[in-house]
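Step one of this worksheet: look at the structure below.
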Amino acid sequence: MGLQLSAVREPFAIILAYDFIYYAFHRTLHHRKLMPYVHAVHHRARNPSALESFYLHPIELFGGLFLLHFCVGGYALLAGPVHAYTYAIAFLVHSTLNILVHSGLVFGHWALRPLDLLAKKHSVHHKDDFGRNYASLTPLPDLIFGTAG
């Protein structure tokens, strides 16, 4: 039972921490002095597709991966060793959600509605409003910091 509960709790904690830290990183990349040099590469995609989730400046790519590993390490410092399955689940969720939010896909099934909403919100971020929807994997940071749109 302990391994089953930790298999859900640990990746969830890592992903949640990552999303808040990435929110700050992403919002910083939108600063007028940084945007043209780093994040503008990603925003060239006005109608994002799954492949364009990988269309990143190297600084942004390595920064995002560093933050994910930083969160895994931080969790390990606070809670003890991180199981390989925990890391694998966190990495899978991180990668899959990043691809899905850029995919432009709308599944239309009630069970997948949260994914549809994330994709729609991120599409708005790319098309119309660079000042909203900075969070990567959940809407929580945007809701808390007033940048949900």
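All residue names refer to the structure tokens as shown: chains lettered A, B, ... in order, residues numbered from 1 in each chain, ligands numbered from 1 in order.
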From a backbone DSSP assignment, name each residue in stretch 45-93 of chain A labelled alpha helix (DSSP H), as a PyMOL selection string. chain A and resi 58-79+84-93
File of the preceding selection, N, CA and C atoms, as an mmCIF file, in the first residue's frame:
```cif
data_model
loop_
_atom_site.group_PDB
_atom_site.id
_atom_site.type_symbol
_atom_site.label_atom_id
_atom_site.label_comp_id
_atom_site.auth_asym_id
_atom_site.auth_seq_id
_atom_site.Cartn_x
_atom_site.Cartn_y
_atom_site.Cartn_z
ATOM 1 N N PRO A 58 17.733 26.923 -26.686
ATOM 2 C CA PRO A 58 18.440 25.999 -25.782
ATOM 3 C C PRO A 58 18.413 26.425 -24.308
ATOM 4 N N ILE A 59 18.459 27.713 -24.045
ATOM 5 C CA ILE A 59 18.399 28.184 -22.651
ATOM 6 C C ILE A 59 17.070 27.778 -22.015
ATOM 7 N N GLU A 60 15.990 27.936 -22.767
ATOM 8 C CA GLU A 60 14.674 27.573 -22.234
ATOM 9 C C GLU A 60 14.540 26.062 -22.077
ATOM 10 N N LEU A 61 15.031 25.312 -23.050
ATOM 11 C CA LEU A 61 14.970 23.852 -22.977
ATOM 12 C C LEU A 61 15.726 23.337 -21.759
ATOM 13 N N PHE A 62 16.968 23.737 -21.618
ATOM 14 C CA PHE A 62 17.770 23.260 -20.491
ATOM 15 C C PHE A 62 17.288 23.835 -19.167
ATOM 16 N N GLY A 63 16.763 25.062 -19.196
ATOM 17 C CA GLY A 63 16.201 25.652 -17.976
ATOM 18 C C GLY A 63 15.013 24.860 -17.467
ATOM 19 N N GLY A 64 14.103 24.491 -18.371
ATOM 20 C CA GLY A 64 12.933 23.704 -17.978
ATOM 21 C C GLY A 64 13.318 22.331 -17.448
ATOM 22 N N LEU A 65 14.245 21.662 -18.131
ATOM 23 C CA LEU A 65 14.692 20.341 -17.658
ATOM 24 C C LEU A 65 15.437 20.451 -16.331
ATOM 25 N N PHE A 66 16.256 21.508 -16.195
ATOM 26 C CA PHE A 66 16.946 21.726 -14.922
ATOM 27 C C PHE A 66 15.931 21.896 -13.790
ATOM 28 N N LEU A 67 14.883 22.673 -14.034
ATOM 29 C CA LEU A 67 13.879 22.899 -12.989
ATOM 30 C C LEU A 67 13.169 21.611 -12.596
ATOM 31 N N LEU A 68 12.869 20.748 -13.556
ATOM 32 C CA LEU A 68 12.256 19.462 -13.226
ATOM 33 C C LEU A 68 13.187 18.643 -12.346
ATOM 34 N N HIS A 69 14.456 18.570 -12.714
ATOM 35 C CA HIS A 69 15.411 17.798 -11.909
ATOM 36 C C HIS A 69 15.668 18.460 -10.557
ATOM 37 N N PHE A 70 15.634 19.781 -10.516
ATOM 38 C CA PHE A 70 15.753 20.514 -9.260
ATOM 39 C C PHE A 70 14.612 20.131 -8.317
ATOM 40 N N CYS A 71 13.402 20.010 -8.861
ATOM 41 C CA CYS A 71 12.244 19.640 -8.038
ATOM 42 C C CYS A 71 12.344 18.198 -7.554
ATOM 43 N N VAL A 72 12.853 17.315 -8.402
ATOM 44 C CA VAL A 72 13.077 15.924 -7.967
ATOM 45 C C VAL A 72 14.100 15.908 -6.836
ATOM 46 N N GLY A 73 15.185 16.641 -7.009
ATOM 47 C CA GLY A 73 16.209 16.707 -5.970
ATOM 48 C C GLY A 73 15.702 17.356 -4.694
ATOM 49 N N GLY A 74 14.912 18.402 -4.838
ATOM 50 C CA GLY A 74 14.341 19.054 -3.656
ATOM 51 C C GLY A 74 13.419 18.130 -2.897
ATOM 52 N N TYR A 75 12.626 17.374 -3.644
ATOM 53 C CA TYR A 75 11.748 16.403 -2.991
ATOM 54 C C TYR A 75 12.583 15.367 -2.255
ATOM 55 N N ALA A 76 13.668 14.918 -2.875
ATOM 56 C CA ALA A 76 14.541 13.916 -2.239
ATOM 57 C C ALA A 76 15.158 14.471 -0.958
ATOM 58 N N LEU A 77 15.537 15.735 -0.963
ATOM 59 C CA LEU A 77 16.103 16.341 0.251
ATOM 60 C C LEU A 77 15.080 16.412 1.380
ATOM 61 N N LEU A 78 13.837 16.692 1.024
ATOM 62 C CA LEU A 78 12.788 16.830 2.034
ATOM 63 C C LEU A 78 12.210 15.494 2.492
ATOM 64 N N ALA A 79 12.049 14.557 1.563
ATOM 65 C CA ALA A 79 11.300 13.342 1.885
ATOM 66 C C ALA A 79 12.123 12.062 1.805
ATOM 67 N N ALA A 84 12.915 5.215 -8.666
ATOM 68 C CA ALA A 84 13.025 5.352 -10.122
ATOM 69 C C ALA A 84 11.648 5.459 -10.772
ATOM 70 N N TYR A 85 10.660 4.755 -10.230
ATOM 71 C CA TYR A 85 9.299 4.839 -10.771
ATOM 72 C C TYR A 85 8.717 6.235 -10.572
ATOM 73 N N THR A 86 9.021 6.833 -9.437
ATOM 74 C CA THR A 86 8.550 8.191 -9.172
ATOM 75 C C THR A 86 9.112 9.143 -10.220
ATOM 76 N N TYR A 87 10.418 9.034 -10.454
ATOM 77 C CA TYR A 87 11.057 9.887 -11.455
ATOM 78 C C TYR A 87 10.434 9.639 -12.831
ATOM 79 N N ALA A 88 10.261 8.382 -13.180
ATOM 80 C CA ALA A 88 9.705 8.034 -14.492
ATOM 81 C C ALA A 88 8.296 8.586 -14.665
ATOM 82 N N ILE A 89 7.468 8.472 -13.635
ATOM 83 C CA ILE A 89 6.094 8.986 -13.715
ATOM 84 C C ILE A 89 6.106 10.512 -13.833
ATOM 85 N N ALA A 90 6.934 11.174 -13.015
ATOM 86 C CA ALA A 90 7.011 12.644 -13.071
ATOM 87 C C ALA A 90 7.486 13.097 -14.446
ATOM 88 N N PHE A 91 8.494 12.441 -14.989
ATOM 89 C CA PHE A 91 9.015 12.822 -16.302
ATOM 90 C C PHE A 91 7.987 12.560 -17.401
ATOM 91 N N LEU A 92 7.286 11.428 -17.299
ATOM 92 C CA LEU A 92 6.253 11.095 -18.285
ATOM 93 C C LEU A 92 5.108 12.107 -18.256
ATOM 94 N N VAL A 93 4.638 12.448 -17.055
ATOM 95 C CA VAL A 93 3.551 13.427 -16.922
ATOM 96 C C VAL A 93 4.008 14.790 -17.444
#
```
For A:Lys120, please output as a PyMOL selection string all residues within 9 Å (counting only C-alpha atoms; exclusion window: fewer than 2 positions along the same chain). chain A and resi 101-102+104-106+115-118+122-125
For the residues in that selection, give me N, CA and C atoms as a PDB file, in the first residue's frame.
```
ATOM      1  N   VAL A 101      -0.494  20.333 -24.152  1.00  0.00           N
ATOM      2  CA  VAL A 101      -0.952  21.724 -24.084  1.00  0.00           C
ATOM      3  C   VAL A 101      -0.582  22.502 -25.340  1.00  0.00           C
ATOM      4  N   HIS A 102       0.423  22.034 -26.067  1.00  0.00           N
ATOM      5  CA  HIS A 102       0.801  22.683 -27.315  1.00  0.00           C
ATOM      6  C   HIS A 102       0.161  22.030 -28.536  1.00  0.00           C
ATOM      7  N   GLY A 104      -2.959  21.645 -29.560  1.00  0.00           N
ATOM      8  CA  GLY A 104      -4.146  22.197 -30.186  1.00  0.00           C
ATOM      9  C   GLY A 104      -5.295  21.198 -30.269  1.00  0.00           C
ATOM     10  N   LEU A 105      -5.084  20.016 -29.713  1.00  0.00           N
ATOM     11  CA  LEU A 105      -6.121  18.985 -29.746  1.00  0.00           C
ATOM     12  C   LEU A 105      -7.222  19.286 -28.743  1.00  0.00           C
ATOM     13  N   VAL A 106      -8.436  19.033 -29.140  1.00  0.00           N
ATOM     14  CA  VAL A 106      -9.578  19.071 -28.234  1.00  0.00           C
ATOM     15  C   VAL A 106     -10.229  17.701 -28.363  1.00  0.00           C
ATOM     16  N   LEU A 115      -7.711  18.353 -19.893  1.00  0.00           N
ATOM     17  CA  LEU A 115      -6.668  18.473 -20.912  1.00  0.00           C
ATOM     18  C   LEU A 115      -7.102  19.435 -22.013  1.00  0.00           C
ATOM     19  N   ASP A 116      -8.369  19.372 -22.394  1.00  0.00           N
ATOM     20  CA  ASP A 116      -8.906  20.300 -23.397  1.00  0.00           C
ATOM     21  C   ASP A 116      -8.762  21.746 -22.917  1.00  0.00           C
ATOM     22  N   LEU A 117      -9.086  21.982 -21.656  1.00  0.00           N
ATOM     23  CA  LEU A 117      -9.003  23.342 -21.110  1.00  0.00           C
ATOM     24  C   LEU A 117      -7.565  23.841 -21.066  1.00  0.00           C
ATOM     25  N   LEU A 118      -6.626  22.972 -20.668  1.00  0.00           N
ATOM     26  CA  LEU A 118      -5.216  23.370 -20.642  1.00  0.00           C
ATOM     27  C   LEU A 118      -4.730  23.734 -22.046  1.00  0.00           C
ATOM     28  N   HIS A 122      -3.501  27.507 -23.226  1.00  0.00           N
ATOM     29  CA  HIS A 122      -2.153  27.752 -23.738  1.00  0.00           C
ATOM     30  C   HIS A 122      -2.202  28.286 -25.170  1.00  0.00           C
ATOM     31  N   SER A 123      -3.201  27.872 -25.911  1.00  0.00           N
ATOM     32  CA  SER A 123      -3.372  28.402 -27.257  1.00  0.00           C
ATOM     33  C   SER A 123      -3.649  29.905 -27.204  1.00  0.00           C
ATOM     34  N   VAL A 124      -4.464  30.330 -26.253  1.00  0.00           N
ATOM     35  CA  VAL A 124      -4.727  31.764 -26.052  1.00  0.00           C
ATOM     36  C   VAL A 124      -3.423  32.491 -25.731  1.00  0.00           C
ATOM     37  N   HIS A 125      -2.590  31.874 -24.905  1.00  0.00           N
ATOM     38  CA  HIS A 125      -1.305  32.466 -24.536  1.00  0.00           C
ATOM     39  C   HIS A 125      -0.451  32.691 -25.796  1.00  0.00           C
TER      40      HIS A 125
END
```
Proximity to A:Asp19 - best of A:Ala135, A:Ala50, A:Val82, A:Leu143, only C-alpha atoms: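 Result for the nearest residue to A:Asp19: A:Ala135.
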Cut-off 10 Å: closest stretch 64-140 of chain A/stretch 23-35 of chain A atom pairs per residue, using only C-alpha atoms, as CSV:
```
residue,atom,partner,partner_atom,distance
A:Gly64,CA,A:Phe25,CA,8.3
A:Leu67,CA,A:Phe25,CA,9.0
A:Phe130,CA,A:His30,CA,7.6
A:Gly131,CA,A:His30,CA,8.0
A:Arg132,CA,A:Arg27,CA,9.1
A:Asn133,CA,A:Tyr23,CA,8.9
A:Tyr134,CA,A:Tyr23,CA,5.5
A:Ala135,CA,A:Tyr23,CA,4.8
A:Ser136,CA,A:Tyr23,CA,6.8
A:Leu137,CA,A:Tyr23,CA,9.4
A:Thr138,CA,A:Tyr23,CA,9.9
A:Leu140,CA,A:Tyr23,CA,9.8
```
Requested write-out: N, CA and C atoms of the selected residues, as a PDB file, in the first residue's frame:
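Contents of part.pdb, as written:
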```pdb
ATOM      1  N   GLY A  64      14.103  24.491 -18.371  1.00  0.00           N
ATOM      2  CA  GLY A  64      12.933  23.704 -17.978  1.00  0.00           C
ATOM      3  C   GLY A  64      13.318  22.331 -17.448  1.00  0.00           C
ATOM      4  N   LEU A  67      14.883  22.673 -14.034  1.00  0.00           N
ATOM      5  CA  LEU A  67      13.879  22.899 -12.989  1.00  0.00           C
ATOM      6  C   LEU A  67      13.169  21.611 -12.596  1.00  0.00           C
ATOM      7  N   PHE A 130       0.013  37.319 -24.403  1.00  0.00           N
ATOM      8  CA  PHE A 130       1.258  36.840 -23.798  1.00  0.00           C
ATOM      9  C   PHE A 130       1.329  37.137 -22.308  1.00  0.00           C
ATOM     10  N   GLY A 131       0.397  37.888 -21.767  1.00  0.00           N
ATOM     11  CA  GLY A 131       0.400  38.259 -20.354  1.00  0.00           C
ATOM     12  C   GLY A 131      -0.442  37.347 -19.481  1.00  0.00           C
ATOM     13  N   ARG A 132      -0.895  36.231 -20.032  1.00  0.00           N
ATOM     14  CA  ARG A 132      -1.742  35.303 -19.279  1.00  0.00           C
ATOM     15  C   ARG A 132      -1.288  33.869 -19.539  1.00  0.00           C
ATOM     16  N   ASN A 133      -1.727  32.993 -18.642  1.00  0.00           N
ATOM     17  CA  ASN A 133      -1.539  31.546 -18.803  1.00  0.00           C
ATOM     18  C   ASN A 133      -0.067  31.147 -18.922  1.00  0.00           C
ATOM     19  N   TYR A 134       0.720  31.526 -17.919  1.00  0.00           N
ATOM     20  CA  TYR A 134       2.138  31.189 -17.898  1.00  0.00           C
ATOM     21  C   TYR A 134       2.407  29.766 -17.411  1.00  0.00           C
ATOM     22  N   ALA A 135       1.502  29.216 -16.608  1.00  0.00           N
ATOM     23  CA  ALA A 135       1.739  27.885 -16.037  1.00  0.00           C
ATOM     24  C   ALA A 135       1.853  26.862 -17.153  1.00  0.00           C
ATOM     25  N   SER A 136       2.594  25.821 -16.879  1.00  0.00           N
ATOM     26  CA  SER A 136       2.885  24.830 -17.902  1.00  0.00           C
ATOM     27  C   SER A 136       1.989  23.598 -17.815  1.00  0.00           C
ATOM     28  N   LEU A 137       1.743  23.114 -16.614  1.00  0.00           N
ATOM     29  CA  LEU A 137       1.096  21.814 -16.462  1.00  0.00           C
ATOM     30  C   LEU A 137      -0.234  21.828 -15.734  1.00  0.00           C
ATOM     31  N   THR A 138      -0.490  22.855 -14.963  1.00  0.00           N
ATOM     32  CA  THR A 138      -1.753  22.974 -14.237  1.00  0.00           C
ATOM     33  C   THR A 138      -2.186  24.442 -14.293  1.00  0.00           C
ATOM     34  N   LEU A 140      -3.136  26.056 -11.653  1.00  0.00           N
ATOM     35  CA  LEU A 140      -3.039  26.592 -10.290  1.00  0.00           C
ATOM     36  C   LEU A 140      -2.188  27.854 -10.151  1.00  0.00           C
TER      37      LEU A 140
END
```
Restricting to only C-alpha atoms, whichever of A:His83, A:Arg9, A:His57, A:Lys127 is closest to A:Ala40 is A:His57
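Reported to one decimal place, the separation of atom CA of A:His126 from atom CA of A:Ala13 is 27.4 Å.
For the residues A:Phe107, A:Val8, A:Phe20, A:Ile14, ranking by smallest atom-to-atom distance to A:Asp142 using only C-alpha atoms places A:Phe20 first.
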Find the residue from A:His94, A:Ile99, A:Gly146, A:Ala119 that sits nearest to A:Tyr18; use only C-alpha atoms when measuring.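 Smallest distance to A:Tyr18 is found for A:His94.
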For a test of reading the model, state the distance in Å between atom CA of A:His39 and atom CA of A:Pro114, rounded to one decimal.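 Rounded to one decimal, the two atoms are 25.7 Å apart.
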